[in-house]
Structure formats: C-alpha cells, structure tokens
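The file coords.csv comes next; it holds CSV, C-alpha atoms.
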```csv
chain,number,residue,atom,x,y,z
A,1,MET,CA,35.7,-0.6,12.8
A,2,PRO,CA,34.2,0.2,16.2
A,3,GLN,CA,32.0,-2.5,17.8
A,4,SER,CA,28.2,-2.2,17.6
A,5,GLY,CA,26.0,-2.2,20.6
A,6,GLN,CA,24.9,-5.7,19.7
A,7,GLU,CA,28.5,-7.0,19.5
A,8,LEU,CA,29.2,-5.4,22.9
A,9,LEU,CA,26.1,-6.9,24.4
A,10,ASP,CA,27.1,-10.4,23.0
A,11,GLU,CA,30.6,-9.9,24.6
A,12,SER,CA,28.9,-8.9,27.9
A,13,ILE,CA,26.7,-12.1,27.8
A,14,ALA,CA,29.8,-14.3,27.2
A,15,SER,CA,31.7,-12.7,30.1
A,16,CYS,CA,28.7,-13.0,32.5
A,17,LYS,CA,28.3,-16.7,31.6
A,18,GLN,CA,32.0,-17.3,32.3
A,19,ILE,CA,31.8,-15.5,35.6
A,20,ALA,CA,28.6,-17.4,36.6
A,21,ASP,CA,30.0,-20.8,35.8
A,22,GLY,CA,30.5,-22.6,39.1
A,23,LEU,CA,30.2,-19.4,41.1
A,24,GLY,CA,27.5,-20.9,43.2
A,25,ALA,CA,30.1,-22.9,45.1
A,26,GLN,CA,31.3,-19.5,46.5
A,27,ASP,CA,28.0,-17.7,46.7
A,28,GLU,CA,24.7,-18.8,45.3
A,29,ALA,CA,23.2,-15.3,45.3
A,30,TRP,CA,26.1,-14.1,43.2
A,31,GLU,CA,25.5,-16.8,40.6
A,32,ALA,CA,21.7,-16.2,40.6
A,33,SER,CA,22.3,-12.5,39.9
A,34,LEU,CA,24.6,-13.3,37.0
A,35,VAL,CA,22.2,-15.8,35.5
A,36,GLU,CA,19.4,-13.2,35.7
A,37,ILE,CA,21.6,-10.7,33.9
A,38,VAL,CA,22.3,-13.2,31.1
A,39,GLU,CA,18.6,-14.1,30.8
A,40,LYS,CA,17.6,-10.4,30.6
A,41,PHE,CA,20.3,-9.6,28.1
A,42,ASP,CA,19.2,-12.6,26.0
A,43,GLU,CA,15.6,-11.3,26.0
A,44,ILE,CA,16.6,-7.8,24.7
A,45,SER,CA,19.3,-9.0,22.3
A,46,GLY,CA,18.5,-8.3,18.7
A,47,THR,CA,16.1,-5.4,19.4
A,48,PHE,CA,16.4,-2.1,17.6
A,49,PHE,CA,18.1,-0.4,20.4
A,50,PHE,CA,21.3,-2.4,19.9
A,51,LYS,CA,21.5,-1.2,16.3
A,52,THR,CA,21.6,2.4,17.4
A,53,MET,CA,24.5,4.6,18.5
A,54,PRO,CA,23.1,5.3,22.0
A,55,SER,CA,23.4,1.6,22.7
A,56,VAL,CA,27.2,1.7,22.4
A,57,PRO,CA,28.1,3.7,25.6
A,58,ALA,CA,25.6,1.7,27.7
A,59,THR,CA,26.8,-1.7,26.5
A,60,ARG,CA,30.5,-0.6,26.6
A,61,GLY,CA,29.9,0.0,30.4
A,62,ALA,CA,28.6,-3.5,30.7
A,63,VAL,CA,31.6,-5.0,28.9
A,64,ARG,CA,34.0,-3.1,31.1
A,65,ASP,CA,32.3,-4.1,34.4
A,66,ALA,CA,32.0,-7.7,33.3
A,67,ALA,CA,35.7,-7.8,32.4
A,68,VAL,CA,36.6,-6.4,35.8
A,69,ALA,CA,34.4,-8.9,37.6
A,70,LEU,CA,35.7,-11.8,35.5
A,71,GLU,CA,39.3,-10.9,36.3
A,72,LEU,CA,38.5,-10.8,40.1
A,73,ARG,CA,36.6,-14.1,39.8
A,74,GLN,CA,39.6,-15.8,38.1
A,75,SER,CA,42.0,-14.5,40.7
A,76,GLU,CA,39.6,-15.5,43.4
A,77,ASP,CA,39.7,-11.9,44.9
A,78,TRP,CA,36.4,-12.3,46.7
A,79,ASP,CA,36.7,-9.2,48.8
A,80,ASN,CA,36.7,-7.0,45.7
A,81,PHE,CA,34.4,-9.3,43.7
A,82,GLY,CA,31.2,-8.4,45.6
A,83,PRO,CA,31.5,-4.6,44.9
A,84,ALA,CA,32.5,-5.3,41.3
A,85,LEU,CA,29.4,-7.4,40.9
A,86,GLU,CA,27.2,-4.7,42.4
A,87,SER,CA,28.7,-2.3,39.8
A,88,LEU,CA,28.0,-4.8,37.0
A,89,ILE,CA,24.4,-5.2,38.1
A,90,ALA,CA,23.8,-1.4,38.1
A,91,THR,CA,25.3,-1.1,34.6
A,92,ALA,CA,23.3,-4.0,33.3
A,93,GLN,CA,20.1,-2.4,34.8
A,94,ASN,CA,21.0,0.7,32.8
A,95,VAL,CA,21.3,-1.3,29.6
A,96,ILE,CA,18.0,-3.1,30.2
A,97,GLU,CA,16.1,0.2,30.9
A,98,LYS,CA,17.5,2.0,27.9
A,99,ALA,CA,16.7,-1.0,25.6
A,100,GLY,CA,13.1,-0.9,26.9
A,101,MET,CA,12.1,1.7,24.3
A,102,LYS,CA,8.4,2.3,24.4
A,103,GLY,CA,6.1,3.6,21.6
A,104,THR,CA,7.0,4.4,18.1
A,105,THR,CA,8.1,7.5,16.3
A,106,LEU,CA,4.8,7.9,14.6
A,107,THR,CA,1.3,7.9,16.0
B,1,MET,CA,-0.5,15.4,23.9
B,2,GLY,CA,-3.4,15.6,26.4
B,3,ARG,CA,-1.1,16.5,29.2
B,4,GLN,CA,0.6,19.2,27.0
B,5,LEU,CA,-2.8,20.6,26.1
B,6,ALA,CA,-4.0,20.7,29.7
B,7,GLU,CA,-0.8,22.6,30.7
B,8,LYS,CA,-1.2,25.0,27.8
B,9,PHE,CA,-4.8,25.9,28.7
B,10,VAL,CA,-3.8,26.4,32.4
B,11,ASP,CA,-1.0,28.6,31.3
B,12,ALA,CA,-3.5,30.6,29.3
B,13,GLY,CA,-5.5,31.1,32.5
B,14,GLN,CA,-8.3,28.6,31.8
B,15,SER,CA,-9.5,25.7,33.9
B,16,VAL,CA,-9.4,22.2,32.5
B,17,ARG,CA,-11.2,19.0,33.2
B,18,ILE,CA,-9.3,15.9,32.1
B,19,PHE,CA,-11.3,12.8,31.4
B,20,ASP,CA,-9.4,9.5,31.0
B,21,LEU,CA,-9.3,5.9,32.1
B,22,PRO,CA,-8.6,5.4,35.8
B,23,GLN,CA,-5.3,3.5,35.2
B,24,MET,CA,-3.7,6.4,33.2
B,25,ASP,CA,-0.8,8.3,34.7
B,26,PHE,CA,-2.2,11.6,36.2
B,27,ALA,CA,1.1,12.4,38.1
B,28,GLY,CA,1.7,16.1,38.3
B,29,LEU,CA,-1.8,17.0,37.2
B,30,GLU,CA,-3.8,16.2,40.4
B,31,ASP,CA,-2.2,18.9,42.5
B,32,ASN,CA,-3.0,21.7,40.1
B,33,ASP,CA,-6.0,23.8,41.3
B,34,SER,CA,-6.9,24.7,37.7
B,35,ILE,CA,-7.2,21.0,36.7
B,36,GLU,CA,-10.0,18.7,37.6
B,37,ILE,CA,-9.4,15.0,37.0
B,38,ASN,CA,-12.4,13.0,36.0
B,39,LYS,CA,-11.7,9.3,35.8
B,40,GLY,CA,-14.0,7.1,33.7
B,41,ASP,CA,-14.6,5.2,30.5
B,42,ILE,CA,-15.5,6.9,27.3
B,43,THR,CA,-17.7,3.9,26.3
B,44,ASN,CA,-19.8,4.6,29.4
B,45,ALA,CA,-22.4,7.3,28.5
B,46,ASP,CA,-23.0,8.3,32.2
B,47,ASP,CA,-19.2,8.9,32.7
B,48,VAL,CA,-19.1,11.0,29.6
B,49,THR,CA,-22.2,13.1,30.5
B,50,ARG,CA,-20.7,13.8,33.9
B,51,SER,CA,-17.5,14.8,32.3
B,52,VAL,CA,-18.7,17.3,29.7
B,53,ASP,CA,-21.3,18.9,31.9
B,54,GLY,CA,-20.7,22.7,32.1
B,55,VAL,CA,-17.7,22.9,29.8
B,56,ASP,CA,-17.2,25.5,27.1
B,57,ALA,CA,-15.2,23.2,24.8
B,58,VAL,CA,-14.4,19.5,24.4
B,59,LEU,CA,-11.1,18.4,22.9
B,60,HIS,CA,-11.7,14.8,21.9
B,61,LEU,CA,-8.4,12.9,21.6
B,62,ALA,CA,-9.5,9.5,22.9
B,63,ALA,CA,-9.1,6.7,20.3
B,64,ILE,CA,-7.5,3.3,19.7
B,65,LEU,CA,-4.7,4.0,17.2
B,66,PRO,CA,-3.0,1.8,14.6
B,67,PRO,CA,-1.7,-0.8,14.9
B,68,ASN,CA,-3.9,-1.7,17.9
B,69,SER,CA,-7.0,-0.5,16.1
B,70,GLU,CA,-6.6,-3.2,13.5
B,71,ARG,CA,-6.8,-6.1,16.0
B,72,ASN,CA,-10.5,-6.0,16.8
B,73,ARG,CA,-13.1,-4.0,14.8
B,74,ASP,CA,-15.7,-4.2,17.5
B,75,VAL,CA,-13.5,-2.9,20.2
B,76,THR,CA,-12.1,-0.1,18.0
B,77,PHE,CA,-15.6,1.0,17.0
B,78,ARG,CA,-16.8,0.8,20.6
B,79,VAL,CA,-14.1,3.3,21.7
B,80,ASN,CA,-13.6,5.4,18.6
B,81,VAL,CA,-17.2,5.6,17.3
B,82,GLY,CA,-19.2,4.8,20.5
B,83,GLY,CA,-17.0,7.1,22.5
B,84,THR,CA,-17.5,10.0,20.0
B,85,GLU,CA,-21.2,9.4,19.9
B,86,ASN,CA,-21.4,9.5,23.8
B,87,ILE,CA,-19.7,12.9,23.8
B,88,ILE,CA,-22.0,14.2,21.1
B,89,ARG,CA,-25.2,13.0,22.7
B,90,ALA,CA,-24.0,14.3,26.1
B,91,LEU,CA,-23.3,17.8,24.6
B,92,GLU,CA,-26.6,17.8,22.7
B,93,LYS,CA,-28.4,17.3,26.1
B,94,THR,CA,-26.3,19.7,28.2
B,95,ASN,CA,-24.6,22.3,26.0
B,96,PRO,CA,-25.1,22.1,22.2
B,97,ASP,CA,-23.3,25.4,21.6
B,98,ALA,CA,-20.0,24.1,23.2
B,99,MET,CA,-17.1,23.8,20.8
B,100,LEU,CA,-16.3,20.1,20.0
B,101,VAL,CA,-12.8,19.6,18.5
B,102,PHE,CA,-12.7,16.1,17.0
B,103,THR,CA,-9.3,14.6,16.2
B,104,SER,CA,-9.9,12.9,13.0
B,105,SER,CA,-7.3,11.5,10.6
B,106,ILE,CA,-5.9,11.9,7.1
B,107,SER,CA,-6.2,8.1,7.0
B,108,THR,CA,-9.8,8.7,6.1
B,109,TYR,CA,-8.7,9.6,2.5
B,110,GLY,CA,-7.4,6.1,2.0
B,111,ASP,CA,-4.9,5.4,-0.8
B,112,THR,CA,-4.4,8.7,-2.7
B,113,SER,CA,-1.1,7.8,-4.2
B,114,THR,CA,-2.4,7.9,-7.8
B,115,LYS,CA,-4.1,11.3,-7.4
B,116,GLU,CA,-2.6,14.7,-8.0
B,117,PRO,CA,-1.3,16.2,-4.7
B,118,PRO,CA,-2.0,17.9,-2.4
B,119,VAL,CA,-4.9,16.1,-0.8
B,120,LYS,CA,-7.7,18.6,0.0
B,121,VAL,CA,-10.5,18.4,2.6
B,122,THR,CA,-12.9,18.0,-0.3
B,123,ASN,CA,-11.2,14.8,-1.4
B,124,SER,CA,-13.5,11.7,-1.1
B,125,GLN,CA,-13.0,9.5,2.0
B,126,SER,CA,-12.3,5.8,1.5
B,127,ALA,CA,-11.1,3.7,4.4
B,128,ILE,CA,-8.4,1.1,3.9
B,129,ASP,CA,-8.3,0.1,7.5
B,130,ILE,CA,-10.5,-0.2,10.6
B,131,TYR,CA,-9.0,3.0,12.2
B,132,ALA,CA,-9.9,5.1,9.1
B,133,ASP,CA,-13.4,3.6,9.0
B,134,SER,CA,-13.9,4.5,12.6
B,135,LYS,CA,-12.9,8.1,12.0
B,136,ILE,CA,-15.1,8.4,9.0
B,137,GLU,CA,-18.0,7.2,11.1
B,138,GLY,CA,-17.1,9.6,13.9
B,139,GLU,CA,-17.1,12.5,11.5
B,140,ARG,CA,-20.5,11.4,10.1
B,141,ILE,CA,-22.1,11.3,13.5
B,142,MET,CA,-20.7,14.7,14.4
B,143,ARG,CA,-21.8,16.2,11.1
B,144,GLU,CA,-25.4,14.9,11.6
B,145,SER,CA,-25.6,16.0,15.2
B,146,TYR,CA,-27.4,19.0,16.6
B,147,LEU,CA,-24.2,20.6,17.8
B,148,THR,CA,-23.6,24.0,16.4
B,149,ASN,CA,-19.8,24.4,16.9
B,150,THR,CA,-17.8,21.5,15.8
B,151,VAL,CA,-14.3,21.2,14.2
B,152,SER,CA,-12.7,18.1,12.6
B,153,LEU,CA,-9.0,18.0,12.5
B,154,ARG,CA,-7.9,15.4,9.9
B,155,THR,CA,-4.4,14.9,11.4
B,156,ALA,CA,-1.4,13.5,9.6
B,157,ALA,CA,0.9,10.9,11.1
B,158,ILE,CA,2.4,12.6,14.2
B,159,ALA,CA,6.2,12.7,14.5
B,160,VAL,CA,7.3,12.4,18.1
B,161,PRO,CA,10.7,13.9,18.9
B,162,ALA,CA,12.0,11.1,21.2
B,163,PHE,CA,14.2,8.1,21.1
B,164,LEU,CA,11.6,5.5,20.1
B,165,GLU,CA,11.3,2.4,18.1
B,166,PRO,CA,10.6,2.8,14.3
B,167,PRO,CA,7.3,1.4,13.1
B,168,ASP,CA,7.4,-2.1,11.6
B,169,PRO,CA,6.6,-1.7,8.8
B,170,TRP,CA,6.7,2.0,8.1
B,171,PRO,CA,3.2,3.0,7.1
B,172,PHE,CA,4.1,3.9,3.5
B,173,MET,CA,6.0,2.7,0.5
B,174,GLU,CA,9.6,3.7,-0.1
B,175,ASP,CA,8.8,6.2,-2.9
B,176,GLN,CA,5.4,7.4,-1.5
B,177,ARG,CA,4.7,11.0,-0.8
B,178,VAL,CA,4.9,11.5,3.0
B,179,GLU,CA,3.9,14.5,5.1
B,180,MET,CA,3.9,14.2,8.9
B,181,VAL,CA,3.4,16.8,11.5
B,182,HIS,CA,5.3,17.6,14.7
B,183,ARG,CA,3.5,16.5,17.9
B,184,ASP,CA,3.8,20.0,19.3
B,185,ASP,CA,2.2,21.5,16.2
B,186,VAL,CA,-0.8,19.2,16.7
B,187,VAL,CA,-1.1,20.5,20.2
B,188,ASP,CA,-1.0,24.0,18.9
B,189,ALA,CA,-3.7,23.2,16.3
B,190,LEU,CA,-6.0,21.6,19.0
B,191,PHE,CA,-5.5,24.5,21.4
B,192,ASN,CA,-6.2,27.1,18.7
B,193,ALA,CA,-9.1,25.3,17.3
B,194,ALA,CA,-10.9,25.4,20.7
B,195,ARG,CA,-10.2,29.1,21.0
B,196,THR,CA,-10.8,30.3,17.5
B,197,PRO,CA,-14.5,31.0,16.7
B,198,ASP,CA,-13.7,31.0,13.0
B,199,ALA,CA,-12.8,27.3,13.2
B,200,GLY,CA,-16.4,26.4,14.1
B,201,GLY,CA,-18.1,24.2,11.4
B,202,LYS,CA,-14.9,23.5,9.6
B,203,VAL,CA,-12.9,20.5,8.6
B,204,PHE,CA,-9.1,21.0,8.4
B,205,ASN,CA,-6.2,19.0,7.3
B,206,ILE,CA,-3.4,19.1,9.9
B,207,GLY,CA,0.0,18.5,8.4
B,208,GLY,CA,3.5,19.8,9.0
B,209,GLY,CA,3.6,22.1,5.9
B,210,SER,CA,5.9,22.2,2.9
B,211,THR,CA,9.1,21.5,4.8
B,212,TRP,CA,7.6,18.1,5.9
B,213,GLN,CA,6.7,17.1,2.4
B,214,LEU,CA,9.2,14.3,1.7
B,215,ARG,CA,9.3,10.8,0.1
B,216,GLY,CA,9.1,7.8,2.4
B,217,ARG,CA,12.8,6.9,1.8
B,218,ASP,CA,14.0,10.4,2.7
B,219,TYR,CA,12.1,10.5,6.0
B,220,VAL,CA,13.3,7.0,6.9
B,221,ARG,CA,17.0,7.6,5.8
B,222,ASP,CA,17.0,10.7,8.1
B,223,PHE,CA,15.5,8.7,11.0
B,224,TYR,CA,18.1,6.0,10.9
B,225,GLU,CA,20.8,8.6,10.5
B,226,PHE,CA,19.6,10.3,13.7
B,227,MET,CA,19.7,7.0,15.5
B,228,GLY,CA,23.0,5.9,14.1
B,229,ALA,CA,21.4,2.7,12.9
B,230,PRO,CA,21.7,1.1,9.4
B,231,ALA,CA,18.8,2.3,7.2
B,232,ASP,CA,18.7,-1.1,5.4
B,233,GLU,CA,16.9,-2.3,8.6
B,234,ALA,CA,13.8,-0.4,7.5
B,235,VAL,CA,10.7,-2.3,6.4
B,236,TYR,CA,8.2,-0.5,4.1
B,237,ARG,CA,4.6,-1.3,3.2
B,238,GLU,CA,4.2,-3.3,0.1
B,239,SER,CA,1.2,-1.4,-1.0
B,240,PRO,CA,0.5,2.3,-0.7
B,241,GLY,CA,-0.5,3.5,2.8
B,242,TRP,CA,-2.7,6.4,3.7
B,243,VAL,CA,-0.1,9.1,3.7
B,244,ASP,CA,0.4,11.9,1.2
B,245,TRP,CA,1.0,15.6,0.9
B,246,TYR,CA,-1.8,17.8,2.2
B,247,ASP,CA,-3.4,21.1,1.4
B,248,THR,CA,-3.0,22.9,4.8
B,249,GLU,CA,-3.3,26.4,3.6
B,250,GLU,CA,-6.6,27.1,5.3
B,251,SER,CA,-5.8,25.3,8.5
B,252,GLN,CA,-2.6,27.2,8.8
B,253,ARG,CA,-4.4,30.5,8.1
B,254,VAL,CA,-7.0,29.9,10.7
B,255,LEU,CA,-5.2,27.9,13.3
B,256,LYS,CA,-1.6,29.1,13.0
B,257,TYR,CA,0.0,25.9,14.2
B,258,GLN,CA,2.8,25.1,11.8
B,259,ASN,CA,5.5,26.4,14.1
B,260,ARG,CA,8.1,23.6,13.8
B,261,SER,CA,9.8,22.8,10.5
B,262,TYR,CA,11.2,19.4,9.6
B,263,GLN,CA,14.6,20.9,10.2
B,264,HIS,CA,13.5,21.8,13.7
B,265,TYR,CA,12.5,18.2,14.3
B,266,ALA,CA,15.8,16.9,12.8
B,267,ASP,CA,17.7,19.2,15.1
B,268,GLU,CA,15.7,18.0,18.2
B,269,MET,CA,16.3,14.4,17.3
B,270,ARG,CA,20.1,14.9,16.9
B,271,ALA,CA,20.2,16.7,20.2
B,272,ILE,CA,18.3,13.9,21.9
B,273,ILE,CA,20.8,11.3,20.6
B,274,GLU,CA,23.8,13.4,21.5
B,275,ALA,CA,22.5,13.7,25.1
B,276,MET,CA,22.1,9.9,25.2
B,277,MET,CA,25.6,9.4,23.9
B,278,ALA,CA,27.0,11.7,26.6
B,279,GLU,CA,25.2,9.9,29.5
```
Show the structure stored in the file as structure tokens.
Amino acid sequence: MPQSGQELLDESIASCKQIADGLGAQDEAWEASLVEIVEKFDEISGTFFFKTMPSVPATRGAVRDAAVALELRQSEDWDNFGPALESLIATAQNVIEKAGMKGTTLT
Amino acid sequence: MGRQLAEKFVDAGQSVRIFDLPQMDFAGLEDNDSIEINKGDITNADDVTRSVDGVDAVLHLAAILPPNSERNRDVTFRVNVGGTENIIRALEKTNPDAMLVFTSSISTYGDTSTKEPPVKVTNSQSAIDIYADSKIEGERIMRESYLTNTVSLRTAAIAVPAFLEPPDPWPFMEDQRVEMVHRDDVVDALFNAARTPDAGGKVFNIGGGSTWQLRGRDYVRDFYEFMGAPADEAVYRESPGWVDWYDTEESQRVLKYQNRSYQHYADEMRAIIEAMMAE
C-alpha cells in the first residue's frame, strides 16, 4: 500500500533530525535550518492536508531531498551538502505552504 | 465574491465603488478606472453614508459568518445588523429609490428537518444561532425601512471550488437534506438581482437547484473522494443544522443564476486536485 502524506512527513522529520544531530560542529547555520524545518513540520503534522492525495507528491519530495542530504552528511561530503540542504529547504517550504490551507469549503 | 462581482459589473460597462475595511486586499482593483475603492468600516455611519452617496444600487455582502459569528453576539450584531442599518439609513437620506440587495441566509429558517421539503420563502423564520438571528434582524430593518427597491437573497451554504479544509463539524447531520449553491451561481444571483427591476421588493431562496439536493453523507463522501482522503475523518453535527432543500423556482425564473450543476462542481474539484498532483 502506498505511503500516505502523513507517513512521508513523519519519515522526513526523522531524516531531518538525524541530519541535524551534531551538525552544528560543522556549521551552526545548517543545524539551525534543519531544526526550523523539524519544528515547522511538527506544527503542521496531523492536519487535514496530510490525509489528502495532493500531500503525497509534496511530502515525497521532502523525503527524497532529506535522504540525499542525510547520505551526504554521513559521507561528510560537505561540498555537496550545502546545495542539497538548499534543495531540502525549498522542498520543505513547498510542503509548509501547501499545508497552510485557508478557509473552508463552505461559507 | 465581492471581487468577482466588481469585475462582472465592470465587464458589463458599469462603474463600481467597493467599500471594505482598509486592511483588505485590493490588489488588482485599484488600477481599474471603472472601480473606485472606498476604505472604511461598515459600523461607522459616516463611512457608509459617504460610500453609498450617488450610487444606483448597493450589493450588501458584509457580514461576520459562522463559525466566527458565534463567538461574540455583540460584535456580530454590530457588524451584521448595525452595518445593515447604516446602509439603510444612508440610502433613506440620499437615494431611497436605489436598489439594495441584501445577502440574507437560509439559516434564518432554523431547523426544518421535520418539515416537508422544499423550504419556501413563506416558511417561518426561527434562528438557532447568532448568525441567523442577525440576518433575521437585518431583514426586519430593511422591510420596515422607507426604501422602495430592496431584495433579500436567502442564500444557502456556498460551495467554493478550491482545495480547502472541510468544516469541523460539517454543519448538518449525516442523513440530513442538504442543498448548497456554487459560489459563482451566487455571484450571478447578486449581479442579476441588482439589474432586474422585477426583483425589487422580493425575497428569494438562493440554492443550487435539484442537482445539488443531496443527503449530508453523499456530499461529504464526494468531498473526501475528491481530496483522496478517508471519509471516516468527517465529523457531523449531532443535532440538525439549518440546511435543507429549497424552493428556488421563483428565484431561478427571475434571476437565472443556476448555471453550475453539482456535477460541474465535482468536475472542477477533480480538476483542481489533478493539477495539484501534477505539480
């Protein structure tokens, strides 16, 4: 059975926490960015958006980018880690914006 | 809807004055020579008098809607009733023959679930919440005014074709009769009401028509299907809400606004979700 948007978000959060752990020793700004992503993802976790189909492509992108960044962090490939983190931040921003559904279907 | 209406009037060659709170988003409207923006507060009589001065028709859409309307009765009445009264008094002074289209609500009928459908405009009104009470009072003030050309549109719950949160709870029970109306059909009804002399002095039910007459569970099942979300997430009211099926024969005959079937809305919703999936 394909993963739901919520499951993919949970996977992204777990990866981001792994990447952030101890990253401050290499670059404090990188760690701060990842902590912010985790905080924002925790805030929006459980909302209606992550039960819908349109949440799947958005969160799948976050899982993919987080996996790439995690691999680079584990191999200490810092030259490529910076751009990968930039990509993850952009993908995370997309998830956060889409989850910020406003209004209701009825008025 | 106000923005859509303004653009519709401009397209029809008419000039429009928009009155709204200063903090509202007027982007794209301020550069149009046919649109005058008048920023103010509907609870301020002077602001309202300045805004209605010299107009042929007023389309009054300003209101605090549920669920916000249920938080503070005084605030809701100040805006929904006091604001309506300000418009009426201003028109009485400046132009009592101007057309005033008042956006009322089918909520004013209260719980009609034990009555035989459809709900007619002659049905008694009985508020079960602050919002409905404020609309009944607004209608009363308008009915007792010196204005000669008024229309009340008792509008059903408006379905917005967009990727939006479901209400929590849905404003009806699972097996309750439900008739909503497409947002763009409401815009058409308002537009035509202001331009149709036969509408003057009338009260209309504004609903989607026969294709929108469903049971609560059917509407909700479809909604969750569009979203690709599990329908068992839905939370319904535990007592009947103010939705039902409506007699819209006269409103459709006079205003010709039922232009989007439920199937049309369903197709729009599916297209919106498909576009999001492709992003």
Which residues, written as number ranges by chain, have at least one atom at most 10 Å from Glu36 in chain A, with only C-alpha atoms counted and residues fewer than 6 positions away on the same chain left out?
-> A: 16, 42, 89
Residues at most 12 Å from range 72-86 of chain A, counting all atoms listed in the file, excluding those fewer than 3 positions away in the same chain, as number ranges by chain?
-> A: 15-24, 26-27, 29-34, 37, 62, 64-69, 89-93
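Residue-level contact on chain B: within 7 Å of chain A, counting all atoms listed in the file, the set is Ala157, Ile158, Ala159, Val160, Leu164, Glu165, Pro166, Pro167, Met227, Gly228, Ala229, Ile273, Met276 and Met277 of chain B.
Between CA of Glu268 in chain B and CA of Ala162 in chain B lies a distance of 8.4 Å.
The residue that comes closest to Ile96 in chain A, out of A:Val35, A:Leu70, A:Ile44, A:Val63 and on the basis of all atoms listed in the file, is A:Ile44.
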For range 234-242 of chain B: contacts at 12 Å, all atoms listed in the file, fewer than 5 positions along chain excluded, given as a PyMOL selection string | (chain A and resi 48+51) or (chain B and resi 66+105-114+119+125-129+131-132+155-157+165-180+216-225+229)
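Interatomic distance, CA of Thr211 in chain B against CA of Val187 in chain B: 18.5 Å.
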